[in-house]
file my_file05.txt (compact mmCIF, C-alpha atoms)
# COMPACT_ATOMS: atom_id res chain seq x y z
CA MET A 10 4.88 -32.32 -25.37
CA THR A 11 8.21 -30.96 -24.23
CA GLN A 12 9.64 -28.45 -26.69
CA GLU A 13 13.29 -27.63 -27.12
CA GLN A 14 14.71 -24.29 -28.18
CA ALA A 15 18.37 -23.29 -28.33
CA GLY A 16 19.34 -26.16 -26.05
CA ARG A 17 16.69 -25.25 -23.46
CA VAL A 18 13.88 -27.62 -22.61
CA ILE A 19 10.59 -25.76 -22.37
CA PRO A 20 8.45 -27.35 -19.66
CA GLN A 21 5.24 -29.12 -20.58
CA GLU A 22 1.91 -27.41 -19.95
CA ASN A 23 1.17 -29.53 -16.89
CA GLU A 24 4.54 -28.57 -15.39
CA MET A 25 3.79 -24.90 -16.05
CA ALA A 26 0.39 -25.34 -14.43
CA GLU A 27 2.13 -26.74 -11.32
CA MET A 28 4.45 -23.70 -11.26
CA LEU A 29 1.46 -21.36 -11.54
CA VAL A 30 -0.41 -23.12 -8.74
CA ALA A 31 2.68 -23.03 -6.48
CA ALA A 32 3.19 -19.30 -7.13
CA THR A 33 -0.50 -18.61 -6.46
CA GLN A 34 -0.51 -20.56 -3.21
CA GLU A 35 2.57 -18.70 -1.98
CA VAL A 36 0.97 -15.30 -2.61
CA PHE A 37 -2.26 -16.28 -0.89
CA THR A 38 -0.49 -17.76 2.12
CA SER A 39 2.06 -14.95 2.57
CA MET A 40 0.15 -11.83 1.58
CA LEU A 41 -3.58 -12.56 1.82
CA GLY A 42 -3.63 -14.93 4.77
CA SER A 43 -6.03 -17.20 2.93
CA GLU A 44 -6.10 -20.77 1.68
CA ILE A 45 -7.06 -21.52 -1.92
CA GLN A 46 -8.28 -24.66 -3.59
CA GLN A 47 -7.70 -25.41 -7.25
CA VAL A 48 -10.76 -26.46 -9.21
CA SER A 49 -11.11 -27.54 -12.82
CA ALA A 50 -10.85 -24.74 -15.36
CA PRO A 51 -12.87 -24.42 -18.54
CA GLU A 52 -10.48 -24.70 -21.49
CA ALA A 53 -11.76 -21.66 -23.35
CA GLU A 54 -11.93 -19.42 -20.30
CA ARG A 55 -10.27 -16.36 -21.81
CA SER A 56 -12.31 -16.40 -24.98
CA THR A 57 -15.61 -16.57 -23.10
CA PRO A 58 -16.95 -13.03 -22.54
CA PHE A 59 -17.42 -12.13 -18.87
CA ASP A 60 -18.19 -9.13 -16.65
CA GLY A 61 -15.56 -8.16 -14.11
CA VAL A 62 -11.82 -7.57 -13.84
CA LEU A 63 -9.03 -8.73 -16.15
CA SER A 64 -5.46 -8.13 -15.00
CA LEU A 65 -2.61 -8.74 -17.46
CA ILE A 66 1.18 -8.96 -17.17
CA GLY A 67 3.40 -9.39 -20.21
CA LEU A 68 6.37 -11.77 -20.27
CA ALA A 69 9.26 -11.63 -22.72
CA GLY A 70 12.42 -13.64 -23.26
CA ALA A 71 12.95 -17.01 -24.93
CA LEU A 72 9.18 -17.24 -24.51
CA ILE A 73 6.81 -14.32 -25.05
CA GLY A 74 3.23 -13.88 -23.95
CA ASN A 75 1.32 -12.98 -20.82
CA GLY A 76 -0.24 -14.08 -17.57
CA ALA A 77 -3.77 -13.02 -16.66
CA LEU A 78 -6.06 -13.02 -13.65
CA LEU A 79 -9.81 -13.00 -14.33
CA CYS A 80 -12.50 -12.51 -11.70
CA SER A 81 -15.85 -10.91 -10.94
CA ALA A 82 -16.11 -7.43 -9.43
CA GLU A 83 -17.18 -8.96 -6.11
CA THR A 84 -14.14 -11.24 -6.02
CA ALA A 85 -11.85 -8.33 -6.93
CA CYS A 86 -13.20 -6.42 -3.92
CA ASP A 87 -12.71 -9.42 -1.66
CA LEU A 88 -9.16 -10.06 -2.86
CA SER A 89 -8.36 -6.39 -2.19
CA SER A 90 -9.87 -6.55 1.28
CA LYS A 91 -7.72 -9.55 2.12
CA LEU A 92 -4.56 -7.90 0.78
CA LEU A 93 -5.07 -4.46 2.31
CA GLY A 94 -7.12 -5.18 5.43
CA ALA A 95 -9.88 -2.73 4.46
CA THR A 96 -13.42 -3.12 3.14
CA TYR A 97 -14.18 -2.36 -0.51
CA PRO A 98 -17.89 -2.35 -1.38
CA ALA A 99 -17.25 -1.58 -5.07
CA VAL A 100 -14.44 -1.66 -7.59
CA ASP A 101 -12.39 1.54 -7.41
CA GLU A 102 -8.81 2.63 -8.15
CA GLU A 103 -7.47 0.89 -5.05
CA VAL A 104 -9.17 -2.38 -5.94
CA LEU A 105 -7.78 -2.29 -9.48
CA ASP A 106 -4.33 -1.50 -8.11
CA ALA A 107 -4.55 -4.33 -5.56
CA VAL A 108 -5.66 -6.87 -8.18
CA GLY A 109 -2.82 -5.71 -10.42
CA GLU A 110 -0.35 -6.20 -7.59
CA ILE A 111 -1.68 -9.67 -6.77
CA THR A 112 -1.29 -10.59 -10.45
CA ASN A 113 2.19 -9.09 -10.43
CA MET A 114 3.26 -11.24 -7.49
CA ILE A 115 1.73 -14.44 -8.87
CA VAL A 116 3.09 -14.02 -12.40
CA GLY A 117 6.41 -12.90 -10.89
CA GLY A 118 6.59 -16.09 -8.83
CA PHE A 119 5.71 -18.16 -11.89
CA LYS A 120 8.36 -16.32 -13.92
CA ASN A 121 10.99 -17.03 -11.26
CA LEU A 122 10.22 -20.77 -11.45
CA LEU A 123 10.12 -20.79 -15.26
CA GLU A 124 13.42 -18.91 -15.59
CA SER A 125 15.35 -21.92 -14.32
CA HIS A 126 14.17 -23.75 -17.46
CA VAL A 127 14.10 -21.09 -20.17
CA GLY A 128 16.51 -18.41 -19.00
CA PRO A 129 15.84 -14.77 -18.07
CA LEU A 130 12.38 -13.33 -18.69
CA GLN A 131 11.25 -9.71 -18.46
CA MET A 132 7.92 -8.70 -16.96
CA SER A 133 5.75 -5.75 -17.87
CA ILE A 134 3.91 -3.66 -15.30
CA PRO A 135 0.27 -4.80 -14.80
CA SER A 136 -2.60 -3.58 -16.95
CA VAL A 137 -6.00 -3.96 -15.28
CA ILE A 138 -9.33 -3.73 -17.13
CA PHE A 139 -12.74 -3.47 -15.45
CA GLY A 140 -15.84 -3.77 -17.59
CA LYS A 141 -18.56 -5.83 -19.14
CA ASN A 142 -18.47 -8.47 -21.85
CA ILE A 143 -14.65 -8.76 -21.69
CA SER A 144 -12.94 -11.39 -23.80
CA MET A 145 -9.34 -11.93 -24.84
CA ARG A 146 -7.71 -13.37 -27.88
CA ASP A 147 -4.04 -14.24 -28.28
CA ALA A 148 -2.64 -14.11 -31.79
CA ARG A 149 -0.38 -17.09 -31.15
CA ALA A 150 0.18 -19.38 -28.17
CA ASP A 151 2.33 -22.50 -28.17
CA VAL A 152 1.66 -23.02 -24.47
CA ALA A 153 -1.77 -22.42 -22.94
CA VAL A 154 -2.35 -22.97 -19.23
CA ALA A 155 -5.68 -22.26 -17.52
CA THR A 156 -6.20 -22.75 -13.79
CA ARG A 157 -9.11 -21.87 -11.55
CA TYR A 158 -9.31 -21.45 -7.77
CA VAL A 159 -11.83 -21.00 -5.01
CA PHE A 160 -11.14 -19.26 -1.72
CA PRO A 161 -13.34 -18.01 1.13
CA GLY A 162 -14.77 -14.99 -0.68
CA GLY A 163 -15.02 -16.08 -4.29
CA GLU A 164 -13.28 -17.68 -7.21
CA PHE A 165 -10.92 -16.55 -9.90
CA GLY A 166 -9.02 -17.83 -12.92
CA LEU A 167 -5.36 -17.56 -13.84
CA THR A 168 -4.07 -18.20 -17.33
CA ILE A 169 -0.68 -18.26 -19.02
CA ARG A 170 -0.26 -17.96 -22.78
CA LEU A 171 3.27 -18.23 -24.18
CA ALA A 172 4.82 -18.62 -27.59
CA THR A 173 8.44 -19.24 -28.54
CA ALA A 174 10.14 -15.99 -29.48
CA ARG A 175 10.97 -15.68 -33.16
CA GLU A 176 14.61 -14.91 -33.99
CA MET B 3 23.92 10.32 17.61
CA ARG B 4 20.44 10.59 16.08
CA THR B 5 17.83 12.26 18.30
CA GLU B 6 14.98 12.83 15.84
CA PRO B 7 12.79 9.87 14.80
CA PRO B 8 13.87 8.63 11.35
CA ASN B 9 12.11 9.76 8.17
CA LEU B 10 11.45 7.01 5.63
CA LEU B 11 10.60 6.91 1.97
CA ILE B 12 8.53 4.17 0.27
CA VAL B 13 8.87 4.05 -3.53
CA ASP B 14 6.43 1.82 -5.41
CA ASP B 15 4.03 2.43 -8.29
CA SER B 16 1.47 0.23 -6.53
CA THR B 17 -0.55 2.07 -3.88
CA ALA B 18 -1.49 -1.37 -2.55
CA ILE B 19 2.12 -2.25 -1.77
CA ARG B 20 2.75 1.22 -0.30
CA LYS B 21 -0.20 0.67 2.06
CA ILE B 22 1.08 -2.74 3.09
CA LEU B 23 4.59 -1.42 3.74
CA LEU B 24 3.19 1.48 5.74
CA ARG B 25 1.21 -0.97 7.88
CA VAL B 26 4.30 -3.14 8.46
CA LEU B 27 6.37 -0.07 9.38
CA ASN B 28 3.74 0.97 11.90
CA GLN B 29 3.97 -2.52 13.42
CA THR B 30 7.73 -2.33 14.03
CA GLY B 31 7.08 -0.58 17.32
CA LEU B 32 9.76 1.97 16.48
CA GLU B 33 9.21 5.68 16.71
CA LEU B 34 9.10 6.97 13.15
CA GLY B 35 9.18 10.48 11.74
CA GLN B 36 7.63 11.21 8.36
CA VAL B 37 6.92 8.29 6.06
CA LEU B 38 6.89 9.68 2.53
CA GLU B 39 5.52 7.89 -0.52
CA ALA B 40 6.57 8.13 -4.15
CA GLY B 41 5.22 6.36 -7.23
CA ASP B 42 8.54 6.13 -9.09
CA GLY B 43 12.22 7.02 -8.86
CA LYS B 44 11.84 10.52 -10.26
CA GLU B 45 9.21 11.44 -7.69
CA ALA B 46 11.39 9.90 -4.98
CA LEU B 47 14.38 12.08 -5.87
CA ARG B 48 12.13 15.16 -5.87
CA LEU B 49 10.74 14.30 -2.44
CA MET B 50 14.19 13.69 -1.00
CA GLU B 51 15.49 17.16 -1.89
CA GLY B 52 16.19 19.10 1.30
CA ARG B 53 14.99 16.30 3.55
CA ASP B 54 16.76 14.05 6.04
CA ILE B 55 15.84 10.49 5.02
CA SER B 56 17.09 7.50 7.03
CA LEU B 57 15.85 4.57 4.93
CA VAL B 58 14.40 4.00 1.45
CA LEU B 59 12.23 1.01 0.55
CA SER B 60 11.99 0.77 -3.21
CA ASP B 61 10.36 -1.45 -5.78
CA ILE B 62 12.53 -2.35 -8.80
CA ASN B 63 9.99 -2.61 -11.62
CA MET B 64 8.41 0.86 -11.97
CA PRO B 65 7.57 3.23 -14.83
CA ASN B 66 9.45 6.49 -15.57
CA MET B 67 12.47 5.76 -13.36
CA ASP B 68 12.80 2.23 -12.00
CA GLY B 69 14.35 1.17 -8.69
CA LEU B 70 17.75 0.35 -10.17
CA GLU B 71 18.02 3.78 -11.78
CA LEU B 72 17.00 5.36 -8.48
CA LEU B 73 19.63 3.31 -6.64
CA ARG B 74 22.27 4.31 -9.19
CA ALA B 75 21.35 7.99 -8.71
CA LEU B 76 21.50 7.71 -4.93
CA ARG B 77 24.86 5.92 -4.89
CA GLY B 78 26.26 8.58 -7.24
CA SER B 79 25.19 11.37 -4.90
CA PRO B 80 27.54 12.46 -2.08
CA GLN B 81 24.51 13.16 0.13
CA TRP B 82 22.85 9.76 -0.30
CA HIS B 83 25.84 7.54 -1.02
CA ASP B 84 25.57 5.64 2.28
CA LEU B 85 21.78 5.79 2.74
CA PRO B 86 20.28 2.34 3.52
CA VAL B 87 18.16 1.25 0.55
CA VAL B 88 16.06 -1.93 0.67
CA MET B 89 14.82 -3.18 -2.69
CA ILE B 90 11.39 -4.84 -2.69
CA THR B 91 10.73 -6.84 -5.78
CA THR B 92 9.06 -9.76 -7.50
CA GLU B 93 12.31 -10.13 -9.45
CA GLY B 94 13.50 -13.16 -7.51
CA GLY B 95 15.30 -14.27 -10.64
CA GLN B 96 18.86 -13.43 -9.82
CA ALA B 97 19.82 -10.97 -12.57
CA LYS B 98 18.10 -7.85 -11.25
CA VAL B 99 18.71 -8.73 -7.60
CA GLU B 100 22.43 -9.18 -8.30
CA GLU B 101 22.46 -5.89 -10.19
CA ALA B 102 20.81 -4.17 -7.22
CA ILE B 103 23.39 -5.61 -4.82
CA GLU B 104 26.24 -4.59 -7.15
CA LEU B 105 24.80 -1.07 -7.30
CA GLY B 106 24.89 -0.91 -3.50
CA ALA B 107 21.47 -2.01 -2.26
CA THR B 108 21.63 -2.60 1.49
CA SER B 109 19.23 -5.52 1.33
CA TYR B 110 16.34 -6.88 -0.67
CA VAL B 111 12.96 -8.44 0.02
CA ARG B 112 11.16 -10.60 -2.48
CA LYS B 113 7.39 -10.27 -2.94
CA PRO B 114 5.37 -12.06 -1.72
CA PHE B 115 6.81 -11.48 1.73
CA SER B 116 5.64 -12.40 5.19
CA ALA B 117 4.87 -9.35 7.32
CA ASP B 118 6.81 -10.86 10.24
CA SER B 119 10.08 -11.29 8.36
CA LEU B 120 9.84 -7.85 6.76
CA ARG B 121 9.03 -6.26 10.13
CA ASP B 122 12.09 -7.92 11.71
CA LYS B 123 14.36 -6.80 8.87
CA LEU B 124 13.14 -3.20 8.98
CA ALA B 125 13.32 -3.07 12.77
CA ALA B 126 16.95 -4.26 12.62
CA LEU B 127 17.88 -1.67 10.00
CA LEU B 128 16.11 1.19 11.76
CA SER B 129 17.56 0.46 15.18
CA LYS B 130 21.16 0.63 13.86

call {"tool": "encode", "arguments": {"input": "my_file05.txt", "output": "structure tokens"}}
result
Amino acid sequence: MTQEQAGRVIPQENEMAEMLVAATQEVFTSMLGSEIQQVSAPEAERSTPFDGVLSLIGLAGALIGNGALLCSAETACDLSSKLLGATYPAVDEEVLDAVGEITNMIVGGFKNLLESHVGPLQMSIPSVIFGKNISMRDARADVAVATRYVFPGGEFGLTIRLATARE
Amino acid sequence: MRTEPPNLLIVDDSTAIRKILLRVLNQTGLELGQVLEAGDGKEALRLMEGRDISLVLSDINMPNMDGLELLRALRGSPQWHDLPVVMITTEGGQAKVEEAIELGATSYVRKPFSADSLRDKLAALLSK
């Protein structure tokens, strides 16, 4: 359902998903030299514990929340190899930095598309977590978008959780 | 007329982006001097002291001192007032880009970027 706030029309979840997919494809084409294919995403992806890498970027403005990239350690290494042109056999500082930067570019591209609907948004710097049994919970989300992708080298998920900012 | 190869400074809190920029710079085919790297604006200003820098490539969104603060400091300095500064940012939304241009940024590049277009832009700036 389209929501309105202060005269602005907040896009529907499927429109936001299209923005996220477009931003992701642009990053993969321009910076990683790789094609991606969107596949169906489990609805409760972020609340399901997993082992691997979680990269988070905060968004704030008329909408507040975050964008997140979730993937296995192996996929994180492969994404980093594609971005930096080097081989990474295991997750290290460079891999975490590369995954953070990929998330930064994707969420930044999404933010740029969303700003034309909801006005200026601010982005945080990325926070990247590597560990076991990771799960996330958002206190409040009016908009929840979950997308999943496969590429030659692995698969990963991208989610957006946003809530209208309280006055 | 310049005889020494130009020294460059890359300012980005992401080592990944610094590596990518370094690779693109090496692909310009131009003879380069030192290519220095800083993780934020404060470190950049420290590194620039006493050095001859010909071009700065700077991210906008960084901790400690961001790219706009760095640009403001450079444009307020007699030594660096005219130094070419290219802002590299995910902030394609116009507010920060416009602020960077108003502060005197020479040019800007939005991430994600294609290596070819960035290489051409840097080669043009460095051959001036």

call {"tool": "atom_distance", "arguments": {"input": "my_file05.txt", "atom1": "CA of Ala155 (chain A)", "atom2": "CA of Ser64 (chain A)"}}
result
14.4 Å

call {"tool": "atom_distance", "arguments": {"input": "my_file05.txt", "atom1": "CA of Glu39 (chain B)", "atom2": "CA of Val13 (chain B)"}}
result
5.9 Å

call {"tool": "atom_distance", "arguments": {"input": "my_file05.txt", "atom1": "CA of Lys141 (chain A)", "atom2": "CA of Pro58 (chain A)"}}
result
8.1 Å

call {"tool": "closest_atom_pairs", "arguments": {"input": "my_file05.txt", "of": "chain B", "to": "chain A", "cutoff": "12 Å", "atoms": "only C-alpha atoms", "output": "tab-separated table"}}
result
residue	atom	partner	partner_atom	distance
B:Asp14	CA	A:Glu110	CA	10.7
B:Asp15	CA	A:Asp106	CA	9.2
B:Ser16	CA	A:Asp106	CA	6.3
B:Thr17	CA	A:Asp106	CA	6.7
B:Ala18	CA	A:Ala107	CA	5.2
B:Ile19	CA	A:Glu110	CA	7.5
B:Arg20	CA	A:Leu93	CA	10.0
B:Lys21	CA	A:Leu93	CA	7.1
B:Ile22	CA	A:Leu93	CA	6.4
B:Leu23	CA	A:Leu93	CA	10.2
B:Leu24	CA	A:Leu93	CA	10.7
B:Arg25	CA	A:Leu93	CA	9.1
B:Val26	CA	A:Leu93	CA	11.3
B:Asp61	CA	A:Ile134	CA	11.7
B:Ile62	CA	A:Ile134	CA	10.9
B:Asn63	CA	A:Ile134	CA	7.2
B:Met64	CA	A:Ile134	CA	7.2
B:Pro65	CA	A:Ile134	CA	7.8
B:Asn66	CA	A:Ile134	CA	11.6
B:Asp68	CA	A:Ile134	CA	11.2
B:Ile90	CA	A:Met114	CA	11.4
B:Thr91	CA	A:Met114	CA	8.8
B:Thr92	CA	A:Gly117	CA	5.3
B:Glu93	CA	A:Gly117	CA	6.7
B:Gly94	CA	A:Asn121	CA	5.9
B:Gly95	CA	A:Asn121	CA	5.2
B:Gln96	CA	A:Asn121	CA	8.8
B:Ala97	CA	A:Pro129	CA	7.8
B:Lys98	CA	A:Pro129	CA	10.0
B:Val99	CA	A:Asn121	CA	11.9
B:Arg112	CA	A:Met114	CA	9.4
B:Lys113	CA	A:Met114	CA	6.2
B:Pro114	CA	A:Val36	CA	5.5
B:Phe115	CA	A:Ser39	CA	5.9
B:Ser116	CA	A:Ser39	CA	5.1
B:Ala117	CA	A:Met40	CA	7.8
B:Asp118	CA	A:Ser39	CA	9.9
B:Ser119	CA	A:Ser39	CA	10.5
B:Leu120	CA	A:Ser39	CA	11.3

call {"tool": "residues_around", "arguments": {"input": "my_file05.txt", "residues": "Leu124 (chain B)", "least_positions_apart": "3", "cutoff": "8 Å", "atoms": "only C-alpha atoms", "output": "PyMOL selection string"}}
result
chain B and resi 27+30+120-121+127-128

call {"tool": "residues_around", "arguments": {"input": "my_file05.txt", "residues": "Arg77 (chain B)", "least_positions_apart": "4", "cutoff": "8 Å", "atoms": "all atoms listed in the file", "output": "VMD selection string"}}
result
chain B and resid 73 82 to 84 105 to 106

call {"tool": "closest_residue", "arguments": {"input": "my_file05.txt", "among": "A:Glu44, A:Glu27, A:Asp147, A:Asp87", "to": "Phe119 (chain A)", "atoms": "all atoms listed in the file"}}
result
A:Glu27

call {"tool": "residues_around", "arguments": {"input": "my_file05.txt", "residues": "Ser129 (chain B)", "least_positions_apart": "4", "cutoff": "10 Å", "atoms": "all atoms listed in the file", "output": "ChimeraX atom specification"}}
result
/B:8,32-33,124-125

call {"tool": "residues_around", "arguments": {"input": "my_file05.txt", "residues": "Val37 (chain B)", "least_positions_apart": "5", "cutoff": "6 Å", "atoms": "only C-alpha atoms", "output": "JSON list (two decimals) with C-alpha atoms, in the coordinates of the input"}}
result
[["chain", "number", "residue", "atom", "x", "y", "z"],
["B", 9, "ASN", "CA", 12.11, 9.76, 8.17],
["B", 10, "LEU", "CA", 11.45, 7.01, 5.63],
["B", 11, "LEU", "CA", 10.60, 6.91, 1.97]]

call {"tool": "axis_aligned_box", "arguments": {"input": "my_file05.txt", "around": "region 165-171 of chain A", "padding_each_side": "8 Å", "output": "JSON"}}
result
{"center_x": -3.8, "center_y": -17.4, "center_z": -17.0, "size_x": 30.2, "size_y": 17.7, "size_z": 30.3}

call {"tool": "residues_near_point", "arguments": {"input": "my_file05.txt", "point": "(-7.7, -0.9, -20.9)", "cutoff": "10 Å", "atoms": "only C-alpha atoms", "output": "ChimeraX atom specification"}}
result
/A:63-65,136-140
